[in-house]
$ cat coords-v2.pdb   # PDB, C-alpha atoms, pLDDT in the B column
MODEL        1
ATOM      1  CA  MET P   1      89.168 106.690  41.886  1.00 70.00           C
ATOM      2  CA  LYS P   2      91.557 108.872  43.926  1.00 77.00           C
ATOM      3  CA  LEU P   3      88.829 111.460  44.528  1.00 81.00           C
ATOM      4  CA  LEU P   4      86.369 108.768  45.564  1.00 85.00           C
ATOM      5  CA  ILE P   5      88.845 107.542  48.203  1.00 88.00           C
ATOM      6  CA  TYR P   6      89.088 111.065  49.627  1.00 88.00           C
ATOM      7  CA  PHE P   7      85.311 111.431  49.660  1.00 87.00           C
ATOM      8  CA  ALA P   8      84.888 108.087  51.437  1.00 90.00           C
ATOM      9  CA  ALA P   9      87.524 108.995  54.058  1.00 91.00           C
ATOM     10  CA  ILE P  10      85.941 112.389  54.714  1.00 91.00           C
ATOM     11  CA  SER P  11      82.481 110.813  55.041  1.00 90.00           C
ATOM     12  CA  ALA P  12      83.655 108.296  57.635  1.00 89.00           C
ATOM     13  CA  GLY P  13      85.770 110.885  59.431  1.00 90.00           C
ATOM     14  CA  THR P  14      83.017 113.478  59.725  1.00 90.00           C
ATOM     15  CA  LEU P  15      80.672 110.909  61.258  1.00 86.00           C
ATOM     16  CA  LEU P  16      83.256 109.915  63.869  1.00 88.00           C
ATOM     17  CA  ILE P  17      84.137 113.539  64.676  1.00 89.00           C
ATOM     18  CA  SER P  18      80.437 114.414  64.904  1.00 85.00           C
ATOM     19  CA  ASN P  19      79.850 111.565  67.343  1.00 82.00           C
ATOM     20  CA  LEU P  20      82.717 112.787  69.521  1.00 84.00           C
ATOM     21  CA  SER P  21      81.419 116.348  69.332  1.00 85.00           C
ATOM     22  CA  ALA P  22      77.847 115.306  70.188  1.00 79.00           C
ATOM     23  CA  VAL P  23      78.955 114.456  73.735  1.00 79.00           C
ATOM     24  CA  LYS P  24      78.884 118.177  74.501  1.00 82.00           C
ATOM     25  CA  LEU P  25      75.632 120.124  74.691  1.00 79.00           C
ATOM     26  CA  TRP P  26      76.221 123.798  73.993  1.00 82.00           C
ATOM     27  CA  ASN P  27      74.031 126.721  74.893  1.00 82.00           C
ATOM     28  CA  LEU P  28      72.282 128.443  71.984  1.00 76.00           C
ATOM     29  CA  PHE P  29      70.272 131.267  73.520  1.00 78.00           C
ATOM     30  CA  GLY P  30      69.158 128.950  76.308  1.00 77.00           C
ATOM     31  CA  ILE P  31      68.578 125.935  74.030  1.00 74.00           C
ATOM     32  CA  ALA P  32      70.667 122.782  74.482  1.00 72.00           C
ATOM     33  CA  VAL P  33      72.209 121.776  71.144  1.00 75.00           C
ATOM     34  CA  ASP P  34      74.586 118.859  70.647  1.00 76.00           C
ATOM     35  CA  GLY P  35      78.008 119.692  69.245  1.00 82.00           C
ATOM     36  CA  GLY P  36      77.701 117.196  66.408  1.00 80.00           C
ATOM     37  CA  VAL P  37      75.425 119.516  64.454  1.00 78.00           C
ATOM     38  CA  VAL P  38      78.432 121.727  63.643  1.00 81.00           C
ATOM     39  CA  LEU P  39      80.020 119.144  61.331  1.00 85.00           C
ATOM     40  CA  PHE P  40      77.448 116.438  60.610  1.00 81.00           C
ATOM     41  CA  PRO P  41      75.885 118.267  57.585  1.00 81.00           C
ATOM     42  CA  ILE P  42      79.168 117.629  55.755  1.00 86.00           C
ATOM     43  CA  THR P  43      78.152 113.957  55.503  1.00 86.00           C
ATOM     44  CA  TYR P  44      75.199 115.006  53.335  1.00 85.00           C
ATOM     45  CA  ILE P  45      77.420 117.151  51.119  1.00 87.00           C
ATOM     46  CA  MET P  46      79.829 114.256  50.629  1.00 88.00           C
ATOM     47  CA  GLY P  47      76.914 111.920  49.991  1.00 88.00           C
ATOM     48  CA  ASP P  48      75.443 114.256  47.372  1.00 90.00           C
ATOM     49  CA  LEU P  49      78.732 114.530  45.508  1.00 89.00           C
ATOM     50  CA  ILE P  50      79.303 110.772  45.610  1.00 90.00           C
ATOM     51  CA  VAL P  51      75.822 109.807  44.431  1.00 90.00           C
ATOM     52  CA  GLU P  52      75.932 112.527  41.758  1.00 88.00           C
ATOM     53  CA  PHE P  53      79.091 111.231  40.121  1.00 86.00           C
ATOM     54  CA  TYR P  54      79.425 107.615  41.233  1.00 87.00           C
ATOM     55  CA  GLY P  55      75.838 106.449  41.634  1.00 88.00           C
ATOM     56  CA  LYS P  56      73.587 105.257  44.434  1.00 88.00           C
ATOM     57  CA  LYS P  57      75.178 101.810  44.782  1.00 91.00           C
ATOM     58  CA  ILE P  58      78.660 103.130  45.553  1.00 92.00           C
ATOM     59  CA  ALA P  59      77.216 105.870  47.764  1.00 91.00           C
ATOM     60  CA  LYS P  60      75.366 103.236  49.797  1.00 92.00           C
ATOM     61  CA  SER P  61      78.538 101.164  50.176  1.00 93.00           C
ATOM     62  CA  ILE P  62      80.386 104.211  51.517  1.00 92.00           C
ATOM     63  CA  ILE P  63      77.599 104.882  54.013  1.00 92.00           C
ATOM     64  CA  PHE P  64      77.956 101.352  55.393  1.00 93.00           C
ATOM     65  CA  ALA P  65      81.755 101.634  55.365  1.00 92.00           C
ATOM     66  CA  GLY P  66      81.541 104.791  57.479  1.00 90.00           C
ATOM     67  CA  PHE P  67      79.112 103.039  59.804  1.00 91.00           C
ATOM     68  CA  PHE P  68      81.473 100.100  60.393  1.00 92.00           C
ATOM     69  CA  VAL P  69      84.498 102.383  60.867  1.00 90.00           C
ATOM     70  CA  ASN P  70      82.607 104.113  63.662  1.00 87.00           C
ATOM     71  CA  ILE P  71      81.575 100.794  65.213  1.00 90.00           C
ATOM     72  CA  LEU P  72      85.260  99.798  65.246  1.00 90.00           C
ATOM     73  CA  ALA P  73      86.249 103.110  66.840  1.00 87.00           C
ATOM     74  CA  ILE P  74      83.638 102.708  69.578  1.00 87.00           C
ATOM     75  CA  LEU P  75      84.760  99.149  70.372  1.00 89.00           C
ATOM     76  CA  VAL P  76      88.396 100.286  70.582  1.00 90.00           C
ATOM     77  CA  PHE P  77      87.487 103.207  72.859  1.00 88.00           C
ATOM     78  CA  TYR P  78      85.604 100.912  75.240  1.00 89.00           C
ATOM     79  CA  ILE P  79      88.449  98.377  75.291  1.00 92.00           C
ATOM     80  CA  VAL P  80      91.025 101.090  76.018  1.00 92.00           C
ATOM     81  CA  ILE P  81      88.826 102.547  78.765  1.00 91.00           C
ATOM     82  CA  ALA P  82      88.577  99.101  80.372  1.00 92.00           C
ATOM     83  CA  LEU P  83      92.356  98.654  80.434  1.00 94.00           C
ATOM     84  CA  PRO P  84      93.914  99.397  83.853  1.00 92.00           C
ATOM     85  CA  ALA P  85      95.302 102.925  84.058  1.00 91.00           C
ATOM     86  CA  TYR P  86      99.021 103.389  84.667  1.00 91.00           C
ATOM     87  CA  ASP P  87      99.918 104.621  88.157  1.00 90.00           C
ATOM     88  CA  GLY P  88     100.225 108.385  88.134  1.00 88.00           C
ATOM     89  CA  TRP P  89      98.060 108.853  85.022  1.00 89.00           C
ATOM     90  CA  ASN P  90      95.139 110.870  86.355  1.00 91.00           C
ATOM     91  CA  MET P  91      93.007 111.293  83.231  1.00 91.00           C
ATOM     92  CA  GLN P  92      91.083 108.013  83.342  1.00 91.00           C
ATOM     93  CA  GLU P  93      87.812 109.592  84.430  1.00 89.00           C
ATOM     94  CA  ALA P  94      88.038 112.421  81.905  1.00 87.00           C
ATOM     95  CA  TYR P  95      89.033 110.002  79.139  1.00 87.00           C
ATOM     96  CA  ALA P  96      86.106 107.717  79.927  1.00 88.00           C
ATOM     97  CA  SER P  97      83.684 110.652  80.125  1.00 83.00           C
ATOM     98  CA  VAL P  98      84.525 111.886  76.632  1.00 80.00           C
ATOM     99  CA  LEU P  99      85.264 108.669  74.749  1.00 81.00           C
ATOM    100  CA  GLY P 100      82.951 106.374  76.709  1.00 78.00           C
ATOM    101  CA  PHE P 101      79.979 107.620  74.692  1.00 67.00           C
ATOM    102  CA  THR P 102      76.561 107.637  76.288  1.00 68.00           C
ATOM    103  CA  PRO P 103      75.011 104.514  74.688  1.00 75.00           C
ATOM    104  CA  ARG P 104      71.859 106.399  73.715  1.00 79.00           C
ATOM    105  CA  ILE P 105      73.880 109.066  71.895  1.00 78.00           C
ATOM    106  CA  ILE P 106      75.977 106.651  69.878  1.00 81.00           C
ATOM    107  CA  ILE P 107      73.074 104.327  69.047  1.00 85.00           C
ATOM    108  CA  GLY P 108      70.906 107.270  68.029  1.00 87.00           C
ATOM    109  CA  SER P 109      73.685 108.782  65.965  1.00 85.00           C
ATOM    110  CA  LEU P 110      74.515 105.626  64.020  1.00 88.00           C
ATOM    111  CA  ILE P 111      70.892 104.676  63.327  1.00 92.00           C
ATOM    112  CA  ALA P 112      70.095 108.236  62.270  1.00 90.00           C
ATOM    113  CA  TYR P 113      73.183 108.305  60.034  1.00 90.00           C
ATOM    114  CA  LEU P 114      72.233 105.109  58.228  1.00 92.00           C
ATOM    115  CA  CYS P 115      68.565 105.933  57.751  1.00 93.00           C
ATOM    116  CA  SER P 116      68.924 109.613  56.837  1.00 91.00           C
ATOM    117  CA  ASN P 117      71.832 109.176  54.416  1.00 91.00           C
ATOM    118  CA  ILE P 118      70.269 106.230  52.606  1.00 93.00           C
ATOM    119  CA  PHE P 119      67.026 108.209  52.337  1.00 93.00           C
ATOM    120  CA  ASN P 120      68.965 111.294  51.204  1.00 92.00           C
ATOM    121  CA  ASN P 121      70.581 109.330  48.381  1.00 92.00           C
ATOM    122  CA  PHE P 122      67.237 107.824  47.374  1.00 93.00           C
ATOM    123  CA  ILE P 123      65.523 111.229  47.172  1.00 93.00           C
ATOM    124  CA  PHE P 124      68.546 112.792  45.437  1.00 92.00           C
ATOM    125  CA  THR P 125      68.445 110.124  42.719  1.00 92.00           C
ATOM    126  CA  LYS P 126      64.688 110.480  42.271  1.00 92.00           C
ATOM    127  CA  LEU P 127      65.048 114.255  41.887  1.00 92.00           C
ATOM    128  CA  LYS P 128      67.917 113.868  39.436  1.00 90.00           C
ATOM    129  CA  ASN P 129      65.901 111.483  37.263  1.00 90.00           C
ATOM    130  CA  GLY P 130      62.792 113.677  37.405  1.00 85.00           C
ATOM    131  CA  ASN P 131      61.925 116.901  35.640  1.00 83.00           C
ATOM    132  CA  GLY P 132      62.270 120.616  36.229  1.00 84.00           C
ATOM    133  CA  ILE P 133      64.815 122.478  38.302  1.00 89.00           C
ATOM    134  CA  PHE P 134      65.788 119.467  40.394  1.00 89.00           C
ATOM    135  CA  ALA P 135      66.840 117.523  37.306  1.00 89.00           C
ATOM    136  CA  SER P 136      68.921 120.388  35.929  1.00 87.00           C
ATOM    137  CA  SER P 137      70.401 121.866  39.127  1.00 90.00           C
ATOM    138  CA  PHE P 138      72.777 119.913  41.363  1.00 90.00           C
ATOM    139  CA  ILE P 139      72.335 122.345  44.280  1.00 91.00           C
ATOM    140  CA  ALA P 140      68.519 122.249  44.009  1.00 92.00           C
ATOM    141  CA  ARG P 141      68.412 118.464  44.366  1.00 92.00           C
ATOM    142  CA  ALA P 142      71.179 118.470  46.999  1.00 91.00           C
ATOM    143  CA  LEU P 143      69.276 120.891  49.228  1.00 92.00           C
ATOM    144  CA  GLY P 144      65.915 119.338  48.361  1.00 92.00           C
ATOM    145  CA  SER P 145      66.990 115.849  49.389  1.00 92.00           C
ATOM    146  CA  SER P 146      68.729 117.152  52.514  1.00 90.00           C
ATOM    147  CA  ALA P 147      65.627 119.032  53.622  1.00 91.00           C
ATOM    148  CA  PHE P 148      63.773 115.723  53.916  1.00 91.00           C
ATOM    149  CA  ALA P 149      66.718 113.660  55.163  1.00 91.00           C
ATOM    150  CA  HIS P 150      67.439 116.074  57.997  1.00 88.00           C
ATOM    151  CA  ILE P 151      63.905 115.546  59.309  1.00 91.00           C
ATOM    152  CA  ILE P 152      64.579 111.824  59.614  1.00 92.00           C
ATOM    153  CA  ASP P 153      68.009 112.427  61.130  1.00 89.00           C
ATOM    154  CA  SER P 154      66.778 114.919  63.731  1.00 87.00           C
ATOM    155  CA  PHE P 155      63.756 112.822  64.676  1.00 89.00           C
ATOM    156  CA  ILE P 156      65.684 109.561  65.109  1.00 92.00           C
ATOM    157  CA  PHE P 157      68.777 110.977  66.802  1.00 86.00           C
ATOM    158  CA  GLU P 158      67.067 113.415  69.141  1.00 84.00           C
ATOM    159  CA  THR P 159      64.408 110.867  70.149  1.00 89.00           C
ATOM    160  CA  ILE P 160      66.850 108.060  70.899  1.00 88.00           C
ATOM    161  CA  ALA P 161      69.544 110.253  72.478  1.00 80.00           C
ATOM    162  CA  PHE P 162      67.613 112.852  74.450  1.00 79.00           C
ATOM    163  CA  PHE P 163      63.906 112.018  74.796  1.00 82.00           C
ATOM    164  CA  GLY P 164      63.224 111.663  78.503  1.00 80.00           C
ATOM    165  CA  VAL P 165      66.668 113.036  79.359  1.00 74.00           C
ATOM    166  CA  LEU P 166      65.707 116.645  78.686  1.00 74.00           C
ATOM    167  CA  ALA P 167      62.425 118.261  79.630  1.00 80.00           C
ATOM    168  CA  PHE P 168      59.965 117.914  76.743  1.00 84.00           C
ATOM    169  CA  GLN P 169      60.104 121.618  75.852  1.00 85.00           C
ATOM    170  CA  GLU P 170      63.907 121.513  75.805  1.00 82.00           C
ATOM    171  CA  PHE P 171      63.856 118.295  73.793  1.00 84.00           C
ATOM    172  CA  LEU P 172      61.466 119.772  71.219  1.00 87.00           C
ATOM    173  CA  ALA P 173      63.434 123.015  70.971  1.00 85.00           C
ATOM    174  CA  GLN P 174      66.702 121.105  70.531  1.00 79.00           C
ATOM    175  CA  ALA P 175      65.244 118.869  67.796  1.00 85.00           C
ATOM    176  CA  ILE P 176      63.889 121.856  65.868  1.00 88.00           C
ATOM    177  CA  PHE P 177      67.089 123.857  66.194  1.00 82.00           C
ATOM    178  CA  ALA P 178      69.202 120.843  65.222  1.00 81.00           C
ATOM    179  CA  TYR P 179      67.178 120.593  62.024  1.00 88.00           C
ATOM    180  CA  VAL P 180      67.296 124.324  61.296  1.00 88.00           C
ATOM    181  CA  LEU P 181      71.019 124.569  62.015  1.00 82.00           C
ATOM    182  CA  GLY P 182      71.801 121.508  59.907  1.00 83.00           C
ATOM    183  CA  ILE P 183      69.930 122.883  56.907  1.00 89.00           C
ATOM    184  CA  GLY P 184      71.351 126.342  57.582  1.00 88.00           C
ATOM    185  CA  PHE P 185      74.915 125.077  57.457  1.00 85.00           C
ATOM    186  CA  GLU P 186      74.227 123.293  54.185  1.00 87.00           C
ATOM    187  CA  ILE P 187      72.712 126.415  52.643  1.00 90.00           C
ATOM    188  CA  VAL P 188      75.711 128.479  53.724  1.00 89.00           C
ATOM    189  CA  LEU P 189      78.096 125.872  52.305  1.00 86.00           C
ATOM    190  CA  SER P 190      76.085 125.285  49.122  1.00 88.00           C
ATOM    191  CA  PRO P 191      78.137 127.735  47.006  1.00 88.00           C
ATOM    192  CA  ILE P 192      81.279 125.810  47.945  1.00 86.00           C
ATOM    193  CA  GLU P 193      79.534 122.523  47.176  1.00 86.00           C
ATOM    194  CA  ALA P 194      78.411 123.874  43.791  1.00 85.00           C
ATOM    195  CA  PHE P 195      81.949 125.098  43.059  1.00 85.00           C
ATOM    196  CA  ILE P 196      83.412 121.670  43.863  1.00 84.00           C
ATOM    197  CA  ALA P 197      80.816 119.898  41.729  1.00 83.00           C
ATOM    198  CA  LYS P 198      81.436 122.233  38.796  1.00 81.00           C
ATOM    199  CA  LYS P 199      85.210 122.351  39.112  1.00 77.00           C
ATOM    200  CA  LEU P 200      85.711 118.631  39.491  1.00 73.00           C
ATOM    201  CA  GLY P 201      82.667 117.451  37.549  1.00 69.00           C
ATOM    202  CA  GLY P 202      84.537 116.507  34.413  1.00 61.00           C
ATOM    203  CA  LYS P 203      87.237 114.683  36.299  1.00 62.00           C
ATOM    204  CA  LEU P 204      84.727 112.882  38.539  1.00 53.00           C
ATOM    205  CA  GLU P 205      82.659 111.768  35.578  1.00 52.00           C
ATOM    206  CA  HIS P 206      85.792 110.460  33.882  1.00 51.00           C
ATOM    207  CA  ASP P 207      86.708 108.702  37.116  1.00 50.00           C
ATOM    208  CA  ASN P 208      83.256 107.112  37.387  1.00 48.00           C
ATOM    209  CA  ILE P 209      83.255 103.366  37.531  1.00 44.00           C
TER     210      ILE P 209
ENDMDL
END
$ encode --input "coords-v2.pdb" --output "C-alpha cells"
Amino acid sequence: MKLLIYFAAISAGTLLISNLSAVKLWNLFGIAVDGGVVLFPITYIMGDLIVEFYGKKIAKSIIFAGFFVNILAILVFYIVIALPAYDGWNMQEAYASVLGFTPRIIIGSLIAYLCSNIFNNFIFTKLKNGNGIFASSFIARALGSSAFAHIIDSFIFETIAFFGVLAFQEFLAQAIFAYVLGIGFEIVLSPIEAFIAKKLGGKLEHDNI
C-alpha cells in the first residue's frame, strides 16, 4: 500500500507541474512547444505501473484523484490572485500571469488527461489479457498503449488550448511534435520503467489489494 500512495502522489503531482509548465511555449527549431510535454509522459508511466500491479479500477480512481487535486489547486490559485496585494509587493502581475492559467490551456489539459489516461489503461489491460508479445512483455504493452493514448492527448489538448491561437501550420507542427516528443520521452525512459517493474514487481504484487 505504501508504494501505491507514492505512485498516486507522483501521478497527481506530475499533472499539476505539467499544467504549470504548459504556460510557457518554448522554441524547438522554430516550432512552438508547450513546456508540459517535458514531464507529462511520466503520468503514463505511473499509470502503467499502477494498472499492471493494482488493476484498472484502482488506476481509474487515481486518475480522478489527480484530476480533483488539480481542480483544487486551480481554484486556490484564482482565489489568491483575487486577494488584494499588500502595498509594496510588486509581483501581482507576474504571479497572475503564471498561476492564472489561460482557461483554454487548463481545460484542455484536464480533459486530455482524463480521456487519454483512461484510454491508456483500457488499452493496456486489453493488451495484457491478449496474446503474443504484449501479453508477455510489460514494456511492449506500456509503449503500445501509450502510442494510442498520446494521440488522444495531443489532439484534445492542442485543439482546445491552441487551435485558432496559433497559425494553422504552427498548430499542426506543435501537435505533431508534442506527440513525437511525448512518445520519445517514454521510449528513452522505458529501461528505467522496466527496471522499476522488475525490481519492485514481487513487492507490488504482494501489496496488491
$ atom_distance --input "coords-v2.pdb" --atom1 "CA of Ile45 in chain P" --atom2 "CA of Met1 in chain P"
18.2 Å
$ closest_atom_pairs --input "coords-v2.pdb" --of "range 36-103 of chain P" --to "range 166-187 of chain P" --cutoff "12 Å" --atoms "all atoms listed in the file" --output "tab-separated table"
residue	atom	partner	partner_atom	distance
P:Gly36	CA	P:Ala178	CA	9.3
P:Val37	CA	P:Gly182	CA	6.1
P:Val38	CA	P:Gly182	CA	7.6
P:Leu39	CA	P:Gly182	CA	8.7
P:Phe40	CA	P:Gly182	CA	7.6
P:Pro41	CA	P:Gly182	CA	5.7
P:Ile42	CA	P:Glu186	CA	7.7
P:Thr43	CA	P:Glu186	CA	10.2
P:Tyr44	CA	P:Glu186	CA	8.4
P:Ile45	CA	P:Glu186	CA	7.6
P:Met46	CA	P:Glu186	CA	11.2
P:Asp48	CA	P:Glu186	CA	11.4
$ residues_around --input "coords-v2.pdb" --residues "range 189-198 of chain P" --least-positions-apart "6" --cutoff "8 Å" --atoms "all atoms listed in the file" --output "PyMOL selection string"
chain P and resi 45+49+138-139
$ residues_around --input "coords-v2.pdb" --residues "range 126-136 of chain P" --least-positions-apart "6" --cutoff "12 Å" --atoms "only C-alpha atoms" --output "ChimeraX atom specification"
/P:48,51-53,55-56,119-120,142-146
$ write_last_selection --input "coords-v2.pdb" --atoms "C-alpha atoms" --output "compact mmCIF listing (two decimals), in the frame of the given file"
# COMPACT_ATOMS: atom_id res chain seq x y z
CA ASP P 48 75.44 114.26 47.37
CA VAL P 51 75.82 109.81 44.43
CA GLU P 52 75.93 112.53 41.76
CA PHE P 53 79.09 111.23 40.12
CA GLY P 55 75.84 106.45 41.63
CA LYS P 56 73.59 105.26 44.43
CA PHE P 119 67.03 108.21 52.34
CA ASN P 120 68.96 111.29 51.20
CA ALA P 142 71.18 118.47 47.00
CA LEU P 143 69.28 120.89 49.23
CA GLY P 144 65.92 119.34 48.36
CA SER P 145 66.99 115.85 49.39
CA SER P 146 68.73 117.15 52.51
$ residues_around --input "coords-v2.pdb" --residues "Phe162 in chain P" --least-positions-apart "5" --cutoff "8 Å" --atoms "all atoms listed in the file" --output "ChimeraX atom specification"
/P:104-105,157,171
$ atom_distance --input "coords-v2.pdb" --atom1 "CA of Leu20 in chain P" --atom2 "CA of Phe68 in chain P"
15.7 Å
$ resolve_selection --input "coords-v2.pdb" --expression "the PyMOL selection byres ((chain P and resi 62) around 12)" --output "PyMOL selection string"
chain P and resi 4-13+15+43+46-48+50-51+54-61+63-69+113-114+117-118+121
$ atom_distance --input "coords-v2.pdb" --atom1 "CA of Glu158 in chain P" --atom2 "CA of Cys115 in chain P"
13.7 Å
$ resolve_selection --input "coords-v2.pdb" --expression "the PyMOL selection byres ((chain P and resi 25) around 6)" --output "PyMOL selection string"
chain P and resi 24+26+32-35
$ build_atoms --input "coords-v2.pdb" --residues "range 174-200 of chain P" --atoms "N, CA and C atoms" --output "short mmCIF file (atom, residue, chain, number, x, y, z; two decimals), in the coordinates of the input"
data_model
loop_
_atom_site.label_atom_id
_atom_site.label_comp_id
_atom_site.auth_asym_id
_atom_site.auth_seq_id
_atom_site.Cartn_x
_atom_site.Cartn_y
_atom_site.Cartn_z
N GLN P 174 65.42 121.60 71.03
CA GLN P 174 66.70 121.10 70.53
C GLN P 174 66.52 120.41 69.19
N ALA P 175 65.49 119.59 69.05
CA ALA P 175 65.24 118.87 67.80
C ALA P 175 64.99 119.84 66.65
N ILE P 176 64.20 120.87 66.91
CA ILE P 176 63.89 121.86 65.87
C ILE P 176 65.14 122.64 65.48
N PHE P 177 65.89 123.09 66.49
CA PHE P 177 67.09 123.86 66.19
C PHE P 177 68.16 123.02 65.52
N ALA P 178 68.24 121.72 65.88
CA ALA P 178 69.20 120.84 65.22
C ALA P 178 68.89 120.74 63.73
N TYR P 179 67.58 120.65 63.43
CA TYR P 179 67.18 120.59 62.02
C TYR P 179 67.49 121.90 61.31
N VAL P 180 67.10 123.01 61.92
CA VAL P 180 67.30 124.32 61.30
C VAL P 180 68.78 124.62 61.10
N LEU P 181 69.59 124.31 62.12
CA LEU P 181 71.02 124.57 62.02
C LEU P 181 71.66 123.68 60.96
N GLY P 182 71.24 122.42 60.90
CA GLY P 182 71.80 121.51 59.91
C GLY P 182 71.54 121.99 58.49
N ILE P 183 70.28 122.35 58.23
CA ILE P 183 69.93 122.88 56.91
C ILE P 183 70.62 124.21 56.66
N GLY P 184 70.69 125.04 57.71
CA GLY P 184 71.35 126.34 57.58
C GLY P 184 72.80 126.21 57.18
N PHE P 185 73.51 125.29 57.81
CA PHE P 185 74.92 125.08 57.46
C PHE P 185 75.05 124.63 56.01
N GLU P 186 74.16 123.76 55.57
CA GLU P 186 74.23 123.29 54.18
C GLU P 186 73.95 124.42 53.20
N ILE P 187 73.01 125.28 53.52
CA ILE P 187 72.71 126.42 52.64
C ILE P 187 73.91 127.33 52.55
N VAL P 188 74.53 127.61 53.70
CA VAL P 188 75.71 128.48 53.72
C VAL P 188 76.85 127.87 52.90
N LEU P 189 77.00 126.55 53.01
CA LEU P 189 78.10 125.87 52.30
C LEU P 189 77.75 125.50 50.87
N SER P 190 76.50 125.71 50.46
CA SER P 190 76.08 125.28 49.12
C SER P 190 76.89 125.93 47.98
N PRO P 191 77.30 127.19 48.09
CA PRO P 191 78.14 127.74 47.01
C PRO P 191 79.46 126.98 46.86
N ILE P 192 80.03 126.57 47.99
CA ILE P 192 81.28 125.81 47.94
C ILE P 192 81.03 124.44 47.33
N GLU P 193 79.90 123.82 47.73
CA GLU P 193 79.53 122.52 47.18
C GLU P 193 79.32 122.62 45.68
N ALA P 194 78.65 123.69 45.22
CA ALA P 194 78.41 123.87 43.79
C ALA P 194 79.72 124.10 43.04
N PHE P 195 80.64 124.84 43.68
CA PHE P 195 81.95 125.10 43.06
C PHE P 195 82.72 123.80 42.89
N ILE P 196 82.71 122.95 43.93
CA ILE P 196 83.41 121.67 43.86
C ILE P 196 82.82 120.79 42.77
N ALA P 197 81.48 120.73 42.73
CA ALA P 197 80.82 119.90 41.73
C ALA P 197 81.14 120.37 40.31
N LYS P 198 81.16 121.69 40.12
CA LYS P 198 81.44 122.23 38.80
C LYS P 198 82.90 122.09 38.42
N LYS P 199 83.78 122.37 39.38
CA LYS P 199 85.21 122.35 39.11
C LYS P 199 85.72 120.94 38.84
N LEU P 200 85.22 120.00 39.60
CA LEU P 200 85.71 118.63 39.49
C LEU P 200 84.78 117.72 38.71
#
